[in-house]
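This is start.cif. It holds mmCIF, C-alpha atoms.
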```cif
data_input
#
loop_
_atom_site.label_atom_id
_atom_site.label_comp_id
_atom_site.auth_asym_id
_atom_site.auth_seq_id
_atom_site.Cartn_x
_atom_site.Cartn_y
_atom_site.Cartn_z
CA MET A 1 -34.97 -76.10 -71.75
CA SER A 2 -34.80 -76.65 -67.98
CA GLN A 3 -37.19 -76.65 -65.05
CA ILE A 4 -35.90 -75.86 -61.54
CA TYR A 5 -37.79 -76.65 -58.36
CA ARG A 6 -35.92 -75.16 -55.44
CA ALA A 7 -36.10 -76.37 -51.85
CA SER A 8 -36.69 -72.75 -50.81
CA ASP A 9 -39.84 -72.60 -52.94
CA ALA A 10 -43.23 -73.66 -51.61
CA ARG A 11 -42.65 -77.39 -51.77
CA GLY A 12 -45.37 -79.47 -50.22
CA ASP A 13 -44.77 -79.41 -46.50
CA ALA A 14 -46.12 -81.92 -43.97
CA ASP A 15 -45.35 -81.82 -40.25
CA PHE A 16 -46.94 -84.47 -38.03
CA GLY A 17 -44.47 -84.09 -35.20
CA TRP A 18 -42.94 -87.55 -35.66
CA LEU A 19 -42.68 -86.91 -39.44
CA LYS A 20 -41.41 -83.85 -41.26
CA SER A 21 -41.74 -84.20 -45.02
CA LYS A 22 -41.04 -82.06 -48.10
CA HIS A 23 -42.77 -83.02 -51.35
CA THR A 24 -41.06 -82.19 -54.65
CA PHE A 25 -44.17 -83.20 -56.62
CA SER A 26 -47.88 -83.12 -55.79
CA PHE A 27 -48.61 -85.57 -52.98
CA GLY A 28 -51.34 -86.06 -50.39
CA SER A 29 -53.04 -82.76 -49.60
CA TYR A 30 -50.39 -80.81 -51.54
CA PHE A 31 -51.29 -80.13 -55.17
CA ASP A 32 -49.45 -77.99 -57.70
CA PRO A 33 -50.59 -78.43 -61.34
CA ASN A 34 -47.10 -77.47 -62.51
CA TYR A 35 -45.48 -80.27 -60.50
CA ILE A 36 -47.50 -83.45 -60.91
CA GLY A 37 -44.38 -85.43 -61.75
CA PHE A 38 -41.66 -85.70 -64.36
CA GLY A 39 -42.36 -88.45 -66.87
CA ALA A 40 -42.53 -91.76 -65.01
CA LEU A 41 -41.05 -90.08 -61.91
CA ARG A 42 -44.13 -89.39 -59.78
CA VAL A 43 -42.96 -88.72 -56.19
CA ILE A 44 -39.84 -87.50 -54.42
CA ASN A 45 -40.57 -86.98 -50.73
CA GLU A 46 -37.76 -85.96 -48.41
CA ASP A 47 -38.76 -87.48 -45.07
CA ARG A 48 -37.34 -87.11 -41.57
CA VAL A 49 -38.78 -89.53 -39.02
CA ALA A 50 -38.30 -89.25 -35.27
CA PRO A 51 -36.74 -92.10 -33.23
CA SER A 52 -39.00 -95.17 -32.76
CA ALA A 53 -41.68 -93.62 -35.03
CA GLY A 54 -42.81 -94.44 -38.53
CA PHE A 55 -45.50 -95.31 -41.04
CA PRO A 56 -47.80 -98.09 -39.80
CA THR A 57 -48.88 -100.87 -42.15
CA HIS A 58 -50.59 -99.45 -45.24
CA PRO A 59 -51.37 -100.63 -48.80
CA HIS A 60 -49.83 -99.84 -52.19
CA GLU A 61 -50.40 -101.13 -55.70
CA ASN A 62 -49.03 -100.61 -59.22
CA MET A 63 -46.06 -98.47 -58.21
CA GLU A 64 -42.29 -98.88 -57.95
CA ILE A 65 -41.34 -97.46 -54.53
CA ILE A 66 -37.67 -96.65 -53.97
CA SER A 67 -36.17 -95.86 -50.55
CA TYR A 68 -32.84 -93.99 -50.45
CA VAL A 69 -31.54 -93.40 -46.94
CA VAL A 70 -29.42 -90.28 -46.33
CA SER A 71 -28.71 -90.89 -42.63
CA GLY A 72 -29.90 -93.30 -39.97
CA GLY A 73 -31.71 -96.58 -40.57
CA LEU A 74 -35.15 -97.31 -42.05
CA GLU A 75 -36.84 -100.59 -41.06
CA HIS A 76 -39.13 -102.12 -43.68
CA LYS A 77 -41.65 -104.93 -43.07
CA ASP A 78 -44.31 -106.22 -45.47
CA SER A 79 -47.25 -108.55 -45.89
CA ILE A 80 -45.31 -111.35 -47.58
CA GLY A 81 -42.75 -111.75 -44.83
CA THR A 82 -39.92 -109.60 -46.13
CA GLY A 83 -38.11 -107.33 -43.70
CA SER A 84 -34.85 -105.37 -43.62
CA VAL A 85 -33.13 -102.26 -42.35
CA ILE A 86 -32.02 -99.84 -45.08
CA ARG A 87 -28.85 -97.85 -44.41
CA PRO A 88 -27.00 -95.05 -46.25
CA GLY A 89 -25.36 -96.38 -49.40
CA GLU A 90 -28.19 -98.88 -49.99
CA LEU A 91 -31.13 -98.72 -52.38
CA HIS A 92 -34.39 -100.56 -51.69
CA ARG A 93 -37.11 -101.23 -54.27
CA MET A 94 -40.62 -102.45 -53.60
CA THR A 95 -42.72 -103.42 -56.61
CA ALA A 96 -46.25 -102.99 -55.27
CA GLY A 97 -47.82 -104.52 -58.39
CA THR A 98 -51.09 -106.33 -57.70
CA GLY A 99 -51.04 -105.10 -54.11
CA VAL A 100 -48.96 -105.25 -50.97
CA ARG A 101 -49.06 -103.92 -47.42
CA HIS A 102 -45.96 -102.67 -45.65
CA SER A 103 -44.67 -100.51 -42.82
CA GLU A 104 -41.63 -98.25 -42.52
CA TYR A 105 -40.18 -97.30 -39.15
CA ASN A 106 -37.11 -95.56 -37.83
CA ALA A 107 -34.82 -98.41 -36.78
CA SER A 108 -33.31 -96.34 -33.95
CA ASP A 109 -34.69 -95.43 -30.52
CA THR A 110 -32.35 -92.43 -30.26
CA ASP A 111 -31.55 -90.97 -33.70
CA PRO A 112 -33.77 -89.64 -36.51
CA VAL A 113 -33.77 -91.20 -39.97
CA HIS A 114 -33.55 -89.00 -43.08
CA PHE A 115 -34.50 -90.58 -46.39
CA LEU A 116 -35.95 -89.99 -49.84
CA GLN A 117 -39.12 -91.86 -50.77
CA ILE A 118 -39.33 -92.08 -54.56
CA TRP A 119 -42.29 -93.40 -56.55
CA ILE A 120 -41.95 -94.45 -60.18
CA VAL A 121 -44.91 -95.43 -62.35
CA PRO A 122 -44.17 -98.97 -63.64
CA GLU A 123 -44.20 -99.79 -67.34
CA GLN A 124 -47.18 -102.10 -66.77
CA ASP A 125 -49.82 -102.72 -64.13
CA GLY A 126 -50.41 -106.04 -62.43
CA LEU A 127 -46.80 -107.05 -61.74
CA ALA A 128 -46.18 -109.59 -59.02
CA PRO A 129 -45.11 -107.89 -55.78
CA SER A 130 -41.36 -108.12 -55.20
CA TYR A 131 -38.51 -106.49 -53.29
CA ASP A 132 -34.81 -105.97 -53.71
CA GLN A 133 -32.10 -104.15 -51.81
CA LYS A 134 -28.47 -103.51 -52.74
CA ALA A 135 -25.50 -101.69 -51.27
CA PHE A 136 -23.35 -99.39 -53.42
CA PRO A 137 -20.02 -98.66 -51.69
CA ILE A 138 -18.77 -95.09 -51.39
CA GLY A 139 -15.78 -95.89 -53.60
CA GLU A 140 -18.07 -96.78 -56.51
CA ARG A 141 -20.01 -93.51 -56.26
CA GLN A 142 -17.17 -91.13 -55.36
CA ASN A 143 -16.60 -88.63 -58.19
CA ALA A 144 -18.45 -90.92 -60.58
CA LEU A 145 -21.96 -91.52 -61.88
CA ARG A 146 -22.71 -95.00 -60.55
CA LEU A 147 -25.69 -96.75 -62.12
CA ILE A 148 -27.75 -97.89 -59.12
CA GLY A 149 -31.11 -98.63 -60.78
CA SER A 150 -32.18 -99.71 -64.28
CA ARG A 151 -34.78 -101.69 -66.17
CA ASP A 152 -32.35 -104.53 -66.98
CA GLY A 153 -30.23 -104.57 -63.81
CA ARG A 154 -27.00 -104.10 -65.76
CA GLU A 155 -23.73 -103.28 -64.03
CA GLY A 156 -25.09 -104.71 -60.80
CA SER A 157 -27.83 -102.09 -60.51
CA LEU A 158 -31.18 -102.66 -58.83
CA VAL A 159 -33.96 -103.66 -61.25
CA ILE A 160 -36.69 -101.01 -61.65
CA HIS A 161 -39.66 -101.93 -63.83
CA GLN A 162 -39.57 -98.86 -66.04
CA ASP A 163 -37.45 -97.45 -68.88
CA LEU A 164 -35.27 -95.51 -66.47
CA ASP A 165 -31.61 -95.33 -65.46
CA LEU A 166 -30.92 -94.04 -61.95
CA TYR A 167 -27.42 -92.85 -61.06
CA GLY A 168 -26.00 -91.97 -57.64
CA SER A 169 -22.94 -89.82 -57.02
CA LEU A 170 -20.81 -88.36 -54.24
CA LEU A 171 -18.98 -85.46 -55.85
CA SER A 172 -16.06 -83.81 -54.04
CA ALA A 173 -15.71 -80.02 -53.89
CA ASP A 174 -14.42 -78.51 -57.15
CA ARG A 175 -14.74 -81.82 -58.99
CA GLY A 176 -16.84 -82.13 -62.12
CA LEU A 177 -18.76 -84.74 -64.11
CA ALA A 178 -20.48 -84.78 -67.48
CA PHE A 179 -23.58 -86.59 -68.70
CA ASP A 180 -25.03 -86.71 -72.21
CA ILE A 181 -28.82 -86.61 -72.64
CA ARG A 182 -29.61 -88.86 -75.59
CA PRO A 183 -32.36 -88.19 -78.15
CA GLY A 184 -35.77 -89.17 -76.81
CA ARG A 185 -34.62 -88.85 -73.18
CA LYS A 186 -34.86 -86.29 -70.38
CA VAL A 187 -33.16 -85.94 -67.02
CA TRP A 188 -34.21 -85.06 -63.48
CA LEU A 189 -31.41 -84.24 -61.05
CA GLN A 190 -32.09 -84.19 -57.30
CA VAL A 191 -29.52 -82.67 -54.94
CA VAL A 192 -29.39 -84.62 -51.67
CA LYS A 193 -26.53 -82.73 -49.98
CA GLY A 194 -24.16 -79.89 -50.82
CA ALA A 195 -24.22 -77.46 -53.75
CA LEU A 196 -23.84 -78.03 -57.49
CA SER A 197 -23.52 -75.98 -60.64
CA VAL A 198 -25.42 -77.71 -63.46
CA ASN A 199 -24.84 -76.10 -66.85
CA GLY A 200 -24.18 -72.87 -64.95
CA GLN A 201 -27.33 -73.07 -62.81
CA GLN A 202 -26.75 -73.13 -59.06
CA LEU A 203 -28.49 -75.81 -57.01
CA GLY A 204 -28.49 -76.55 -53.29
CA ALA A 205 -29.62 -79.40 -51.05
CA GLY A 206 -33.24 -80.33 -51.77
CA ASP A 207 -33.30 -78.60 -55.16
CA GLY A 208 -34.46 -80.49 -58.24
CA LEU A 209 -33.71 -79.73 -61.89
CA GLY A 210 -35.49 -81.12 -64.95
CA LEU A 211 -33.56 -81.03 -68.23
CA LEU A 212 -35.66 -81.51 -71.34
CA GLU A 213 -33.24 -81.04 -74.24
CA GLN A 214 -30.67 -83.48 -75.53
CA GLY A 215 -26.99 -82.63 -75.21
CA ALA A 216 -24.20 -82.40 -72.70
CA VAL A 217 -24.83 -81.76 -69.00
CA SER A 218 -21.91 -80.36 -67.02
CA LEU A 219 -21.92 -80.76 -63.22
CA THR A 220 -19.47 -79.14 -60.80
CA ALA A 221 -19.57 -79.36 -57.01
CA GLN A 222 -19.13 -76.13 -55.04
CA GLU A 223 -18.72 -78.28 -51.91
CA ASP A 224 -18.84 -81.99 -51.15
CA SER A 225 -22.18 -83.04 -52.62
CA GLU A 226 -24.51 -86.01 -53.02
CA PHE A 227 -27.09 -86.27 -55.78
CA LEU A 228 -29.32 -88.59 -57.80
CA LEU A 229 -29.73 -88.39 -61.59
CA PHE A 230 -32.78 -89.93 -63.29
CA ASP A 231 -32.46 -90.63 -67.04
CA LEU A 232 -36.02 -91.10 -68.30
CA ALA A 233 -37.91 -91.55 -71.54
CA ALA A 234 -39.07 -88.15 -72.83
#
```

As structure tokens, what does this structure read like?
Amino acid sequence: MSQIYRASDARGDADFGWLKSKHTFSFGSYFDPNYIGFGALRVINEDRVAPSAGFPTHPHENMEIISYVVSGGLEHKDSIGTGSVIRPGELHRMTAGTGVRHSEYNASDTDPVHFLQIWIVPEQDGLAPSYDQKAFPIGERQNALRLIGSRDGREGSLVIHQDLDLYGSLLSADRGLAFDIRPGRKVWLQVVKGALSVNGQQLGAGDGLGLLEQGAVSLTAQEDSEFLLFDLAA
């Protein structure tokens, strides 16, 4: 059984001038009872922020917040003195835990930044706030499923406080990959760029696909493509 949410459908849409955002799941003023989330995966917002603009300091708690930059640079600052610029090929995790305040701004005065903001419900409340950021070179993700996030940080992945494996891939045109959904698991696949065939279903940039049954998943790129695959507890 599968569940497709296409970018061309009525995704949540926010336009504040400096920010243009598409919400895969219910977020802010956008609510769709059929798309509250997918297991522990609660938010995937595709954000485009104008030069020199961004989100002023605001609070979070009890959430794992992942930033995945597609193009440009995203500057992060927080209430415990951590700051960095996140670039394409890097993954940034903020564990909000007992509470933290942070800001996110476009690091450029001339170019927009395009990124995915991903929220994951942690396996427990009240964690100590923490941050981590890692780079995953193109060569490690090219035509491969590179583990970039996991509960135990294995294979050099970023630690995420949830029973979740997050893979990143850059798949060349006409190349294919396979993934096996284990018993008791389910998968969400988010296309960042390009076009994929997933078990014969056609997906384009911005499309998401939830797969709920165990078994083999076959992925083929119709053109050079970039995607994220979330392996979650069912």

Item to complete: Tell me which of A:Val43, A:Ala135, A:Phe38, A:Ser172 sits closest to A:Ser2, counting all atoms listed in the file.
Response: A:Phe38

Worksheet entry | Exercise: A:Gly81 partners within 12 Å, all atoms listed in the file, chain neighbours under 2 positions left out, as an MDAnalysis selection string | chainID A and resid 76:79 83:84 100:103 129:131

Practice prompt. May I have the protein, DNA and RNA residues with an atom at most 7 Å from (-27.1, -106.3, -56.8), counting only C-alpha atoms in the file's coordinates, returned as number ranges by chain?
Written response: A: 134, 156-158

Discussion item. Calculated over all atoms listed in the file, which of the candidates A:Arg175, A:Arg87, A:Arg185, A:His60 has the smallest distance to A:Glu75?
Written reply: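 Closest to A:Glu75, using all atoms listed in the file: A:Arg87.
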
Discussion item. Let me make sure I understand: among A:Phe27, A:Tyr5, A:Ala216, A:Gly72, which one has the smallest atom-to-atom distance to A:Gly204 if we use all atoms listed in the file?
Written reply: A:Tyr5

Worksheet entry | Residue nearest A:Leu147 - candidates A:Ser169, A:Gln214, A:Thr95, A:Gln162, atoms counted: all atoms listed in the file |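 Between A:Ser169, A:Gln214, A:Thr95, A:Gln162, the residue approaching A:Leu147 most closely is A:Ser169.
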
Discussion item. What's around A:Leu229 at 6 Å? Count all atoms listed in the file, leave out sequence neighbours fewer than 4 positions away in its own chain, and write the answer as a ChimeraX atom specification.
Written reply: /A:166-167,188-189

Worksheet entry | Resolved residues for the PyMOL selection byres ((chain A and resi 97) around 9) as a ChimeraX atom specification | /A:60-64,94-96,98-100,122,124-130

Would you mind exporting C-alpha atoms of the selected residues as a compact mmCIF listing (two decimals), keeping the file's coordinate frame?
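File part.txt, as written:
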```txt
# COMPACT_ATOMS: atom_id res chain seq x y z
CA HIS A 60 -49.83 -99.84 -52.19
CA GLU A 61 -50.40 -101.13 -55.70
CA ASN A 62 -49.03 -100.61 -59.22
CA MET A 63 -46.06 -98.47 -58.21
CA GLU A 64 -42.29 -98.88 -57.95
CA MET A 94 -40.62 -102.45 -53.60
CA THR A 95 -42.72 -103.42 -56.61
CA ALA A 96 -46.25 -102.99 -55.27
CA THR A 98 -51.09 -106.33 -57.70
CA GLY A 99 -51.04 -105.10 -54.11
CA VAL A 100 -48.96 -105.25 -50.97
CA PRO A 122 -44.17 -98.97 -63.64
CA GLN A 124 -47.18 -102.10 -66.77
CA ASP A 125 -49.82 -102.72 -64.13
CA GLY A 126 -50.41 -106.04 -62.43
CA LEU A 127 -46.80 -107.05 -61.74
CA ALA A 128 -46.18 -109.59 -59.02
CA PRO A 129 -45.11 -107.89 -55.78
CA SER A 130 -41.36 -108.12 -55.20
```

Discussion item. If I take atom CA of A:Tyr105 and atom CA of A:Asp13, how far is one from the other in Å, to one decimal?
Written reply: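 If I compute the distance from atom CA of A:Tyr105 to atom CA of A:Asp13, I get 19.9 Å.
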